[in-house]
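A.B. asks: Below you'll find coords07.cif; it's mmCIF, C-alpha atoms and all ligand atoms.
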```
data_query
#
loop_
_atom_site.group_PDB
_atom_site.id
_atom_site.type_symbol
_atom_site.label_atom_id
_atom_site.label_comp_id
_atom_site.auth_asym_id
_atom_site.auth_seq_id
_atom_site.Cartn_x
_atom_site.Cartn_y
_atom_site.Cartn_z
ATOM 1 C CA MET A 1 148.092 98.032 101.464
ATOM 2 C CA GLU A 2 144.491 99.211 101.781
ATOM 3 C CA ILE A 3 145.246 102.493 100.043
ATOM 4 C CA SER A 4 146.839 100.791 97.028
ATOM 5 C CA GLN A 5 143.900 98.353 96.765
ATOM 6 C CA ASP A 6 141.459 101.220 96.597
ATOM 7 C CA SER A 7 143.482 103.230 94.110
ATOM 8 C CA GLN A 8 143.432 100.117 91.886
ATOM 9 C CA VAL A 9 139.633 100.034 92.217
ATOM 10 C CA LEU A 10 139.423 103.718 91.249
ATOM 11 C CA LYS A 11 141.598 103.020 88.195
ATOM 12 C CA SER A 12 139.318 100.148 87.131
ATOM 13 C CA LEU A 13 136.338 102.430 87.668
ATOM 14 C CA GLU A 14 137.812 105.083 85.384
ATOM 15 C CA SER A 15 138.478 102.518 82.651
ATOM 16 C CA LEU A 16 134.889 101.236 82.915
ATOM 17 C CA GLY A 17 133.753 104.787 82.171
ATOM 18 C CA GLN A 18 134.038 104.152 78.421
ATOM 19 C CA PHE A 19 131.114 101.702 78.709
ATOM 20 C CA VAL A 20 128.903 104.132 80.614
ATOM 21 C CA GLY A 21 126.778 106.677 78.754
ATOM 22 C CA ALA A 22 127.464 108.088 75.272
ATOM 23 C CA THR A 23 124.460 106.074 74.067
ATOM 24 C CA PRO A 24 123.082 106.584 70.537
ATOM 25 C CA LEU A 25 119.752 108.232 69.738
ATOM 26 C CA PHE A 26 117.402 106.095 67.662
ATOM 27 C CA GLU A 27 114.959 107.846 65.377
ATOM 28 C CA VAL A 28 111.662 105.955 65.409
ATOM 29 C CA GLN A 29 110.720 106.246 61.759
ATOM 30 C CA HIS A 30 107.953 103.827 60.873
ATOM 31 C CA LEU A 31 105.868 104.083 64.027
ATOM 32 C CA SER A 32 105.768 107.862 64.224
ATOM 33 C CA PRO A 33 102.142 108.880 63.528
ATOM 34 C CA LYS A 34 102.888 111.943 61.383
ATOM 35 C CA PRO A 35 105.844 113.281 59.379
ATOM 36 C CA SER A 36 105.718 116.647 61.170
ATOM 37 C CA VAL A 37 106.564 115.009 64.511
ATOM 38 C CA LYS A 38 109.886 113.280 65.027
ATOM 39 C CA ILE A 39 110.342 110.714 67.799
ATOM 40 C CA PHE A 40 113.802 109.931 69.165
ATOM 41 C CA ALA A 41 114.688 107.326 71.791
ATOM 42 C CA LYS A 42 117.929 107.241 73.727
ATOM 43 C CA MET A 43 119.215 103.653 73.623
ATOM 44 C CA GLU A 44 120.099 103.247 77.289
ATOM 45 C CA TRP A 45 120.502 99.481 77.043
ATOM 46 C CA MET A 46 123.740 99.938 75.083
ATOM 47 C CA GLN A 47 125.928 100.194 78.177
ATOM 48 C CA PHE A 48 127.826 97.974 80.647
ATOM 49 C CA GLY A 49 125.158 95.889 82.374
ATOM 50 C CA GLY A 50 122.655 96.697 79.657
ATOM 51 C CA SER A 51 120.176 99.228 81.043
ATOM 52 C CA VAL A 52 119.200 102.760 82.026
ATOM 53 C CA LYS A 53 120.540 101.883 85.488
ATOM 54 C CA THR A 54 124.194 101.726 84.420
ATOM 55 C CA ARG A 55 124.691 105.481 84.796
ATOM 56 C CA PRO A 56 123.115 105.839 88.276
ATOM 57 C CA ALA A 57 124.820 102.697 89.638
ATOM 58 C CA TYR A 58 128.181 103.834 88.288
ATOM 59 C CA ASN A 59 127.755 107.323 89.716
ATOM 60 C CA ILE A 60 126.556 106.028 93.098
ATOM 61 C CA ILE A 61 129.553 103.658 93.318
ATOM 62 C CA LYS A 62 131.953 106.361 92.165
ATOM 63 C CA GLY A 63 130.643 108.818 94.765
ATOM 64 C CA ALA A 64 130.887 106.238 97.545
ATOM 65 C CA LEU A 65 134.426 105.182 96.602
ATOM 66 C CA LYS A 66 135.534 108.812 96.547
ATOM 67 C CA SER A 67 133.904 109.640 99.897
ATOM 68 C CA GLY A 68 135.298 106.450 101.461
ATOM 69 C CA GLU A 69 131.831 104.970 102.160
ATOM 70 C CA LEU A 70 132.806 102.045 99.868
ATOM 71 C CA GLY A 71 136.151 100.347 99.410
ATOM 72 C CA ASN A 72 138.330 98.363 101.826
ATOM 73 C CA GLY A 73 136.141 95.306 101.360
ATOM 74 C CA LYS A 74 132.854 97.002 102.261
ATOM 75 C CA THR A 75 129.713 95.522 100.743
ATOM 76 C CA LEU A 76 127.305 97.522 98.587
ATOM 77 C CA LEU A 77 123.770 96.919 99.869
ATOM 78 C CA ASP A 78 120.458 97.958 98.269
ATOM 79 C CA ALA A 79 116.952 96.795 97.438
ATOM 80 C CA SER A 80 116.080 96.255 93.772
ATOM 81 C CA SER A 81 114.209 93.651 91.795
ATOM 82 C CA GLY A 82 115.499 94.758 88.466
ATOM 83 C CA ASN A 83 118.011 96.650 86.464
ATOM 84 C CA THR A 84 119.604 98.503 89.364
ATOM 85 C CA ALA A 85 120.585 95.181 90.929
ATOM 86 C CA LEU A 86 122.096 94.027 87.614
ATOM 87 C CA ALA A 87 123.962 97.302 87.245
ATOM 88 C CA TYR A 88 125.454 97.078 90.753
ATOM 89 C CA ALA A 89 126.219 93.403 90.122
ATOM 90 C CA THR A 90 128.082 93.904 86.843
ATOM 91 C CA ILE A 91 130.078 96.916 88.021
ATOM 92 C CA GLY A 92 130.686 95.287 91.425
ATOM 93 C CA ALA A 93 131.998 92.085 89.816
ATOM 94 C CA ARG A 94 134.340 94.017 87.568
ATOM 95 C CA LEU A 95 135.706 96.143 90.429
ATOM 96 C CA GLY A 96 135.811 93.406 93.069
ATOM 97 C CA ILE A 97 133.180 95.103 95.254
ATOM 98 C CA PRO A 98 130.895 92.646 97.099
ATOM 99 C CA VAL A 99 127.185 93.250 96.408
ATOM 100 C CA THR A 100 124.187 92.240 98.544
ATOM 101 C CA ILE A 101 120.685 92.764 97.138
ATOM 102 C CA CYS A 102 117.359 92.495 98.974
ATOM 103 C CA LEU A 103 114.913 91.022 96.488
ATOM 104 C CA PRO A 104 111.255 89.945 96.739
ATOM 105 C CA GLU A 105 111.025 86.151 96.565
ATOM 106 C CA ASN A 106 108.744 86.287 93.508
ATOM 107 C CA ALA A 107 111.303 88.030 91.271
ATOM 108 C CA SER A 108 111.682 86.181 87.962
ATOM 109 C CA TRP A 109 114.067 83.230 87.634
ATOM 110 C CA GLU A 110 116.092 85.169 85.059
ATOM 111 C CA ARG A 111 116.753 87.925 87.576
ATOM 112 C CA LYS A 112 117.782 85.464 90.259
ATOM 113 C CA LYS A 113 120.065 83.430 87.983
ATOM 114 C CA LEU A 114 121.701 86.467 86.405
ATOM 115 C CA LEU A 115 122.389 88.020 89.802
ATOM 116 C CA LYS A 116 123.740 84.764 91.228
ATOM 117 C CA GLY A 117 125.915 84.262 88.158
ATOM 118 C CA LEU A 118 127.384 87.699 88.750
ATOM 119 C CA GLY A 119 128.269 86.732 92.320
ATOM 120 C CA VAL A 120 125.586 88.686 94.176
ATOM 121 C CA ASN A 121 124.509 87.688 97.683
ATOM 122 C CA ILE A 122 120.691 87.707 97.528
ATOM 123 C CA VAL A 123 118.542 88.259 100.617
ATOM 124 C CA TYR A 124 114.946 87.289 99.864
ATOM 125 C CA THR A 125 111.965 89.143 101.267
ATOM 126 C CA SER A 126 108.370 87.895 101.261
ATOM 127 C CA LYS A 127 106.750 87.324 97.892
ATOM 128 C CA PHE A 128 103.614 88.971 99.228
ATOM 129 C CA GLY A 129 105.462 92.092 100.262
ATOM 130 C CA SER A 130 106.002 95.164 98.089
ATOM 131 C CA SER A 131 109.339 96.629 97.094
ATOM 132 C CA ASP A 132 108.986 98.695 100.290
ATOM 133 C CA GLU A 133 109.605 95.497 102.232
ATOM 134 C CA SER A 134 112.949 94.850 100.525
ATOM 135 C CA GLU A 135 113.896 98.475 101.124
ATOM 136 C CA ALA A 136 113.055 98.118 104.816
ATOM 137 C CA LYS A 137 115.113 94.909 104.970
ATOM 138 C CA ALA A 138 118.145 96.637 103.436
ATOM 139 C CA GLU A 139 117.816 99.495 105.935
ATOM 140 C CA GLU A 140 117.573 97.053 108.825
ATOM 141 C CA MET A 141 120.661 95.126 107.686
ATOM 142 C CA TYR A 142 122.559 98.373 107.386
ATOM 143 C CA ARG A 143 121.494 99.550 110.860
ATOM 144 C CA ASN A 144 122.582 96.236 112.344
ATOM 145 C CA ASP A 145 126.031 96.338 110.741
ATOM 146 C CA PRO A 146 126.920 99.820 109.443
ATOM 147 C CA ASP A 147 130.654 99.004 109.283
ATOM 148 C CA LYS A 148 130.098 96.143 106.879
ATOM 149 C CA TYR A 149 127.785 97.869 104.421
ATOM 150 C CA PHE A 150 127.408 100.894 102.190
ATOM 151 C CA LEU A 151 123.642 101.440 101.803
ATOM 152 C CA ALA A 152 123.322 102.693 98.209
ATOM 153 C CA ASN A 153 119.643 103.734 98.549
ATOM 154 C CA GLN A 154 118.785 104.347 94.868
ATOM 155 C CA TYR A 155 115.457 106.018 95.783
ATOM 156 C CA GLY A 156 117.113 108.680 97.900
ATOM 157 C CA ASN A 157 120.654 108.954 96.541
ATOM 158 C CA GLU A 158 121.307 112.274 94.743
ATOM 159 C CA ASN A 159 123.969 110.562 92.611
ATOM 160 C CA ASN A 160 121.120 108.705 90.883
ATOM 161 C CA TRP A 161 119.421 111.717 89.239
ATOM 162 C CA MET A 162 122.725 113.598 89.015
ATOM 163 C CA SER A 163 124.068 110.919 86.635
ATOM 164 C CA HIS A 164 121.258 111.811 84.222
ATOM 165 C CA TYR A 165 121.573 115.547 84.830
ATOM 166 C CA GLN A 166 125.290 115.406 84.039
ATOM 167 C CA GLY A 167 125.219 112.721 81.331
ATOM 168 C CA THR A 168 121.975 111.739 79.624
ATOM 169 C CA GLY A 169 120.482 115.249 79.559
ATOM 170 C CA PRO A 170 123.537 116.967 78.016
ATOM 171 C CA GLU A 171 123.917 114.124 75.483
ATOM 172 C CA ILE A 172 120.286 114.509 74.359
ATOM 173 C CA TYR A 173 120.472 118.302 74.162
ATOM 174 C CA GLY A 174 123.901 118.115 72.483
ATOM 175 C CA ALA A 175 122.436 115.928 69.724
ATOM 176 C CA LEU A 176 119.065 117.637 69.150
ATOM 177 C CA GLY A 177 119.404 121.127 70.609
ATOM 178 C CA ASP A 178 116.432 123.439 70.902
ATOM 179 C CA GLN A 179 114.315 121.588 68.362
ATOM 180 C CA ILE A 180 113.245 119.369 71.307
ATOM 181 C CA THR A 181 109.646 120.135 72.277
ATOM 182 C CA HIS A 182 108.714 117.191 74.552
ATOM 183 C CA PHE A 183 110.459 114.742 76.859
ATOM 184 C CA VAL A 184 108.508 111.648 77.911
ATOM 185 C CA THR A 185 109.587 108.787 80.179
ATOM 186 C CA GLY A 186 108.367 106.319 82.806
ATOM 187 C CA LEU A 187 108.778 106.940 86.511
ATOM 188 C CA GLY A 188 110.549 104.380 88.683
ATOM 189 C CA THR A 189 112.956 105.931 91.159
ATOM 190 C CA THR A 190 112.300 109.054 88.982
ATOM 191 C CA GLY A 191 116.071 109.533 88.635
ATOM 192 C CA SER A 192 116.088 109.572 84.836
ATOM 193 C CA PHE A 193 112.983 111.776 84.529
ATOM 194 C CA THR A 194 114.174 114.293 87.136
ATOM 195 C CA GLY A 195 117.802 114.515 86.013
ATOM 196 C CA ILE A 196 117.122 114.788 82.277
ATOM 197 C CA THR A 197 114.149 117.160 82.658
ATOM 198 C CA LYS A 198 116.053 119.517 84.959
ATOM 199 C CA TYR A 199 118.900 119.762 82.464
ATOM 200 C CA LEU A 200 116.669 120.174 79.392
ATOM 201 C CA LYS A 201 114.510 122.864 81.036
ATOM 202 C CA GLU A 202 117.612 124.823 82.018
ATOM 203 C CA GLN A 203 118.521 124.931 78.317
ATOM 204 C CA LYS A 204 114.993 125.505 77.002
ATOM 205 C CA PRO A 205 112.379 126.240 79.683
ATOM 206 C CA ASP A 206 109.322 125.589 77.480
ATOM 207 C CA ILE A 207 110.125 121.912 76.834
ATOM 208 C CA LYS A 208 107.146 119.892 78.111
ATOM 209 C CA ALA A 209 108.062 117.048 80.463
ATOM 210 C CA ILE A 210 105.610 114.162 80.694
ATOM 211 C CA GLY A 211 105.993 111.388 83.280
ATOM 212 C CA LEU A 212 104.448 107.986 82.501
ATOM 213 C CA GLN A 213 102.816 105.406 84.744
ATOM 214 C CA PRO A 214 101.635 101.995 83.508
ATOM 215 C CA ASP A 215 97.971 101.133 83.820
ATOM 216 C CA GLY A 216 95.655 98.287 82.859
ATOM 217 C CA ALA A 217 95.499 94.526 82.839
ATOM 218 C CA LEU A 218 99.200 93.698 82.770
ATOM 219 C CA HIS A 219 100.022 96.226 85.483
ATOM 220 C CA GLY A 220 102.252 94.628 88.114
ATOM 221 C CA LEU A 221 103.987 92.177 85.769
ATOM 222 C CA GLU A 222 107.748 91.988 85.420
ATOM 223 C CA GLY A 223 108.994 94.875 83.336
ATOM 224 C CA TRP A 224 106.117 97.226 84.051
ATOM 225 C CA LYS A 225 106.915 96.982 87.755
ATOM 226 C CA ASP A 226 110.194 98.751 86.943
ATOM 227 C CA MET A 227 108.278 101.929 86.250
ATOM 228 C CA GLU A 228 105.993 101.878 89.245
ATOM 229 C CA THR A 229 106.530 103.757 92.431
ATOM 230 C CA ALA A 230 104.859 102.369 95.543
ATOM 231 C CA LYS A 231 105.741 105.504 97.479
ATOM 232 C CA VAL A 232 107.100 108.845 96.332
ATOM 233 C CA PRO A 233 110.893 108.542 96.012
ATOM 234 C CA GLY A 234 113.051 110.968 98.012
ATOM 235 C CA ILE A 235 114.695 112.278 94.834
ATOM 236 C CA TYR A 236 111.376 113.047 93.055
ATOM 237 C CA ASP A 237 111.004 116.719 92.136
ATOM 238 C CA LYS A 238 107.423 117.427 91.143
ATOM 239 C CA ALA A 239 108.292 120.994 90.205
ATOM 240 C CA VAL A 240 109.692 119.747 86.882
ATOM 241 C CA VAL A 241 106.631 117.674 85.839
ATOM 242 C CA ASP A 242 104.187 119.194 83.361
ATOM 243 C CA GLU A 243 101.891 116.191 83.062
ATOM 244 C CA ILE A 244 101.491 112.592 84.206
ATOM 245 C CA LYS A 245 100.107 110.234 81.573
ATOM 246 C CA HIS A 246 98.916 106.654 81.992
ATOM 247 C CA VAL A 247 99.965 104.070 79.442
ATOM 248 C CA ASP A 248 97.787 101.030 78.885
ATOM 249 C CA THR A 249 99.957 97.958 79.344
ATOM 250 C CA TYR A 250 98.114 95.985 76.619
ATOM 251 C CA ASP A 251 98.807 98.746 74.098
ATOM 252 C CA ALA A 252 102.478 98.750 75.076
ATOM 253 C CA TYR A 253 102.576 94.960 74.815
ATOM 254 C CA ASP A 254 101.236 95.081 71.243
ATOM 255 C CA LEU A 255 103.884 97.638 70.377
ATOM 256 C CA ILE A 256 106.701 95.214 71.283
ATOM 257 C CA LYS A 257 105.740 93.009 68.336
ATOM 258 C CA GLU A 258 105.201 95.900 65.962
ATOM 259 C CA THR A 259 108.506 97.562 66.843
ATOM 260 C CA ALA A 260 110.351 94.282 66.273
ATOM 261 C CA ARG A 261 108.875 93.914 62.788
ATOM 262 C CA ARG A 262 109.007 97.509 61.658
ATOM 263 C CA GLU A 263 111.953 99.090 63.434
ATOM 264 C CA GLY A 264 114.133 96.021 64.091
ATOM 265 C CA LEU A 265 114.221 96.578 67.844
ATOM 266 C CA LEU A 266 113.352 94.091 70.600
ATOM 267 C CA LEU A 267 111.897 96.306 73.297
ATOM 268 C CA SER A 268 111.353 95.491 76.955
ATOM 269 C CA PRO A 269 107.947 96.287 78.489
ATOM 270 C CA SER A 270 109.073 99.627 79.878
ATOM 271 C CA SER A 271 110.744 100.654 76.597
ATOM 272 C CA ALA A 272 107.481 99.834 74.816
ATOM 273 C CA ALA A 273 105.511 101.826 77.392
ATOM 274 C CA ASN A 274 107.816 104.795 76.797
ATOM 275 C CA LEU A 275 107.337 104.501 73.037
ATOM 276 C CA LYS A 276 103.554 104.302 73.517
ATOM 277 C CA GLY A 277 103.720 107.459 75.649
ATOM 278 C CA ALA A 278 105.787 109.231 72.977
ATOM 279 C CA ILE A 279 103.342 108.184 70.215
ATOM 280 C CA ASP A 280 100.389 109.417 72.331
ATOM 281 C CA VAL A 281 102.101 112.796 72.731
ATOM 282 C CA ALA A 282 102.917 112.908 68.986
ATOM 283 C CA ASN A 283 99.226 112.340 68.225
ATOM 284 C CA GLU A 284 98.253 115.325 70.367
ATOM 285 C CA ILE A 285 100.562 117.888 68.693
ATOM 286 C CA ASP A 286 100.829 119.308 65.169
ATOM 287 C CA SER A 287 104.591 119.314 64.969
ATOM 288 C CA GLY A 288 107.618 118.874 67.201
ATOM 289 C CA VAL A 289 110.415 116.650 68.408
ATOM 290 C CA VAL A 290 109.509 114.131 71.108
ATOM 291 C CA VAL A 291 112.335 112.458 73.020
ATOM 292 C CA THR A 292 112.062 109.335 75.158
ATOM 293 C CA LEU A 293 114.320 106.600 76.581
ATOM 294 C CA PHE A 294 114.601 102.897 75.835
ATOM 295 C CA PRO A 295 115.652 101.660 79.314
ATOM 296 C CA ASP A 296 116.376 98.038 78.351
ATOM 297 C CA ASN A 297 115.591 95.404 75.727
ATOM 298 C CA ALA A 298 113.522 92.201 75.653
ATOM 299 C CA GLU A 299 116.360 89.745 76.261
ATOM 300 C CA LYS A 300 115.800 89.093 79.962
ATOM 301 C CA TYR A 301 111.990 88.951 79.810
ATOM 302 C CA SER A 302 111.566 85.377 78.618
ATOM 303 C CA GLU A 303 107.829 85.306 79.384
ATOM 304 C CA ILE A 304 107.310 88.251 77.063
ATOM 305 C CA ILE A 305 109.404 86.701 74.307
ATOM 306 C CA LYS A 306 107.603 83.344 74.616
ATOM 307 C CA SER A 307 104.153 84.843 74.396
ATOM 308 C CA LEU A 308 104.838 87.244 71.556
ATOM 309 C CA PHE A 309 106.942 85.390 69.017
HETATM 310 N N1 LIG B 1 112.364 101.022 83.065
HETATM 311 C C1 LIG B 1 113.176 100.076 83.522
HETATM 312 C C2 LIG B 1 113.281 98.778 82.761
HETATM 313 C C3 LIG B 1 113.884 100.279 84.703
HETATM 314 O O1 LIG B 1 114.683 99.310 85.193
HETATM 315 C C4 LIG B 1 113.726 101.509 85.385
HETATM 316 C C5 LIG B 1 114.476 101.747 86.656
HETATM 317 N N2 LIG B 1 113.954 101.021 87.763
HETATM 318 C C6 LIG B 1 112.867 102.475 84.875
HETATM 319 C C7 LIG B 1 112.204 102.183 83.693
HETATM 320 C C8 LIG B 1 112.620 103.789 85.564
HETATM 321 O O2 LIG B 1 113.765 104.606 85.668
HETATM 322 P P1 LIG B 1 114.007 105.560 86.924
HETATM 323 O O3 LIG B 1 114.355 104.702 88.111
HETATM 324 O O4 LIG B 1 115.143 106.439 86.507
HETATM 325 O O5 LIG B 1 112.761 106.338 87.184
#
```
What is this file in structure tokens?
Ligand code: PMP
C.D. replies:
Amino acid sequence: MEISQDSQVLKSLESLGQFVGATPLFEVQHLSPKPSVKIFAKMEWMQFGGSVKTRPAYNIIKGALKSGELGNGKTLLDASSGNTALAYATIGARLGIPVTICLPENASWERKKLLKGLGVNIVYTSKFGSSDESEAKAEEMYRNDPDKYFLANQYGNENNWMSHYQGTGPEIYGALGDQITHFVTGLGTTGSFTGITKYLKEQKPDIKAIGLQPDGALHGLEGWKDMETAKVPGIYDKAVVDEIKHVDTYDAYDLIKETARREGLLLSPSSAANLKGAIDVANEIDSGVVVTLFPDNAEKYSEIIKSLF
């Protein structure tokens, strides 16, 4: 009985695979500062669950089902205030895997409603605490009941960066090849930066990899928080970083409006920060091909939409 249930889950997982990865590359035409530099952005929101976190969540769940850490009614448990939670929630709902998320109390109402609508059990941690507090809560719950839970641990799980090393990186290189000169993206768990950079540098060692951190007045708001790291994640590999750049959050905010009007895209704060980082790099070089990611779009950031349009 249990075995057939789990083989059904694995079958559903395989069929979900068609909605994971294989995202298109968008050429940013009107906002590129000079014709000799091309800017491409990988549209990571065009996946099941709608964000850059689809690939890691899918790969983490796949790994845990195969190793037996998940399945047989076990609950996936992790801390996340953002896209990772939504990715676990959407995949979990589809596969019939229960999901429990530790979330700071001051997460936005959209996050809470979307997660509840997807059937997630939310455990709130203090609104004054950092994301470290929700991580500690998840670890404590796991320690207290290890038979009930699979602790997904996105900050330390190798299947996070591996999903980008095996998927996003090869897709980018497959499309653009060795014309790529720069790869630029924000650092959250660092899974996307680490996985993609490792793959690209194996193909072409002189590609420059630039990690972004948000800075300035809007720092700490929903959306920019997704690309902040309170502590250094376990999966971070500083050996692959050529430079860390800071992106001013006001500049990125202005870009959301401009990109809507001129490129027809509704960017989230972190997608706009990535584009700002790519434009800054383009301004510093004479020619080249700069690649970045668009992690998600504006749809679930109602405060941003209200204030901009
Ligand atoms: N932007 C958004 C909107 C995200 O949700 C995340 C992931 N938390 C990131 C950027 C950073 O990605 P990573 O965790 O791979 O570093």
A.B. asks: Considering all atoms listed in the file, give me a table of residues in chain A that are at most 7 Å from ligand LIG 1 (chain B), with the closest atom pair and distance in Å for each, as CSV.
C.D. replies:
```
residue,atom,partner,partner_atom,distance
A:Ser51,CA,B:LIG1,O1,6.9
A:Val52,CA,B:LIG1,C3,6.4
A:Lys53,CA,B:LIG1,C5,6.2
A:Gly82,CA,B:LIG1,O1,5.7
A:Asn83,CA,B:LIG1,O1,4.4
A:Thr84,CA,B:LIG1,N2,6.4
A:Gly186,CA,B:LIG1,C8,5.7
A:Leu187,CA,B:LIG1,O5,4.1
A:Gly188,CA,B:LIG1,O5,3.3
A:Thr189,CA,B:LIG1,O3,3.6
A:Thr190,CA,B:LIG1,O5,3.3
A:Gly191,CA,B:LIG1,O4,3.9
A:Ser192,CA,B:LIG1,O4,3.7
A:Phe193,CA,B:LIG1,O5,6.1
A:Gly223,CA,B:LIG1,C2,5.8
A:Asp226,CA,B:LIG1,N2,4.5
A:Met227,CA,B:LIG1,C7,4.7
A:Ser268,CA,B:LIG1,C2,6.9
A:Ser270,CA,B:LIG1,N1,4.8
A:Ser271,CA,B:LIG1,N1,6.7
A:Pro295,CA,B:LIG1,N1,5.0
A:Asp296,CA,B:LIG1,C2,5.4
```
A.B. asks: Could you check the closest approach to Ala87 in chain A for each of A:His164, A:Lys42, A:Arg55, A:Arg111 and tell me which residue wins, using all atoms listed in the file?
C.D. replies: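 Once distances to Ala87 in chain A are computed over all atoms listed in the file, the minimum belongs to A:Arg55.
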A.B. asks: My list of candidates is A:Thr100, A:Ser108, A:Thr90, A:Ser36. Which is closest to Leu13 in chain A when distances are computed with only C-alpha atoms?
C.D. replies: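 Of A:Thr100, A:Ser108, A:Thr90, A:Ser36, the one nearest Leu13 in chain A is A:Thr90, counting only C-alpha atoms.
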A.B. asks: Please evaluate the PyMOL selection byres (((chain A and resi 60) around 8) and not hetatm) against the structure above and give the resulting residues as a VMD selection string.
C.D. replies: chain A and resid 56 to 59 61 to 64 152 157 159 to 160
A.B. asks: Would you kindly translate the PyMOL selection byres (((chain A and resi 222) around 12) and not hetatm) into the concrete residues it picks from this file, as a ChimeraX atom specification?
C.D. replies: /A:81-83,106-111,214,218-221,223-228,249,268-270,298,300-304
A.B. asks: I need the residue set behind the PyMOL selection byres (((chain A and resi 255-267) around 12) and not hetatm) for this file; please write it as number ranges by chain.
C.D. replies: A: 26-32, 41, 43-45, 51, 223, 247-254, 268-277, 279, 293-302, 304-309
A.B. asks: Go ahead and write the selection's residues with C-alpha atoms as a tab-separated table (two decimals), in the coordinates of the input.
C.D. replies:
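part_28.tsv written:
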```
chain	number	residue	atom	x	y	z
A	26	PHE	CA	117.40	106.10	67.66
A	27	GLU	CA	114.96	107.85	65.38
A	28	VAL	CA	111.66	105.96	65.41
A	29	GLN	CA	110.72	106.25	61.76
A	30	HIS	CA	107.95	103.83	60.87
A	31	LEU	CA	105.87	104.08	64.03
A	32	SER	CA	105.77	107.86	64.22
A	41	ALA	CA	114.69	107.33	71.79
A	43	MET	CA	119.22	103.65	73.62
A	44	GLU	CA	120.10	103.25	77.29
A	45	TRP	CA	120.50	99.48	77.04
A	51	SER	CA	120.18	99.23	81.04
A	223	GLY	CA	108.99	94.88	83.34
A	247	VAL	CA	99.96	104.07	79.44
A	248	ASP	CA	97.79	101.03	78.89
A	249	THR	CA	99.96	97.96	79.34
A	250	TYR	CA	98.11	95.98	76.62
A	251	ASP	CA	98.81	98.75	74.10
A	252	ALA	CA	102.48	98.75	75.08
A	253	TYR	CA	102.58	94.96	74.82
A	254	ASP	CA	101.24	95.08	71.24
A	268	SER	CA	111.35	95.49	76.96
A	269	PRO	CA	107.95	96.29	78.49
A	270	SER	CA	109.07	99.63	79.88
A	271	SER	CA	110.74	100.65	76.60
A	272	ALA	CA	107.48	99.83	74.82
A	273	ALA	CA	105.51	101.83	77.39
A	274	ASN	CA	107.82	104.80	76.80
A	275	LEU	CA	107.34	104.50	73.04
A	276	LYS	CA	103.55	104.30	73.52
A	277	GLY	CA	103.72	107.46	75.65
A	279	ILE	CA	103.34	108.18	70.22
A	293	LEU	CA	114.32	106.60	76.58
A	294	PHE	CA	114.60	102.90	75.83
A	295	PRO	CA	115.65	101.66	79.31
A	296	ASP	CA	116.38	98.04	78.35
A	297	ASN	CA	115.59	95.40	75.73
A	298	ALA	CA	113.52	92.20	75.65
A	299	GLU	CA	116.36	89.74	76.26
A	300	LYS	CA	115.80	89.09	79.96
A	301	TYR	CA	111.99	88.95	79.81
A	302	SER	CA	111.57	85.38	78.62
A	304	ILE	CA	107.31	88.25	77.06
A	305	ILE	CA	109.40	86.70	74.31
A	306	LYS	CA	107.60	83.34	74.62
A	307	SER	CA	104.15	84.84	74.40
A	308	LEU	CA	104.84	87.24	71.56
A	309	PHE	CA	106.94	85.39	69.02
```
A.B. asks: Have a look at CA of Gly117 in chain A and CA of Thr54 in chain A and let me know their distance in Å, one decimal.
C.D. replies: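 Separation of CA of Gly117 in chain A and CA of Thr54 in chain A: 17.9 Å.
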A.B. asks: Any idea what the distance is between CA of Gln154 in chain A and CA of Ala79 in chain A?
C.D. replies: 8.2 Å
A.B. asks: Between CA of Val289 in chain A and CA of Lys238 in chain A, measure the distance and give it in Å to one decimal.
C.D. replies: 22.9 Å
A.B. asks: I need the residue nearest Lys198 in chain A from this list: A:Asp237, A:Asp286, A:Glu105, A:Asp147. Use all atoms listed in the file for the distance.
C.D. replies: A:Asp237
A.B. asks: Kindly indicate which residue among A:Val99, A:His182, A:Ser80, A:Leu200 lies nearest to Ala282 in chain A, using all atoms listed in the file for the distances.
C.D. replies: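 The shortest atom-to-atom distance to Ala282 in chain A comes from A:His182.
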A.B. asks: Show me the residues close to (126.5, 97.2, 103.0) - anything with an atom within 8 Å, counting all atoms listed in the file - and format the list as JSON, numbers by chain.
C.D. replies: {"A": [74, 75, 76, 77, 78, 99, 100, 141, 142, 145, 146, 147, 148, 149, 150, 151, 152]}
A.B. asks: Measuring atom to atom with all atoms listed in the file, identify which of A:Gly177, A:Gly195, A:Gly21, A:Pro98 is nearest to Asn72 in chain A.
C.D. replies: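 Using all atoms listed in the file, Asn72 in chain A sits closest to A:Pro98.
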A.B. asks: Set up a box along x, y and z of the file covering all listed atoms of range 193-208 of chain A, add 4 Å on every one of the six sides, and write the centre and edge lengths in Å to one decimal, as AutoDock Vina command-line options.
C.D. replies:
```
--center_x 113.0 --center_y 119.0 --center_z 82.0 --size_x 19.8 --size_y 22.5 --size_z 18.3
```
A.B. asks: Select, from A:Val291, A:Tyr199, A:Gly49, A:Gly96, the residue with the minimum atom-to-atom distance to Met162 in chain A, counting all atoms listed in the file.
C.D. replies: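 Ranked by minimum distance to Met162 in chain A, first place goes to A:Tyr199.
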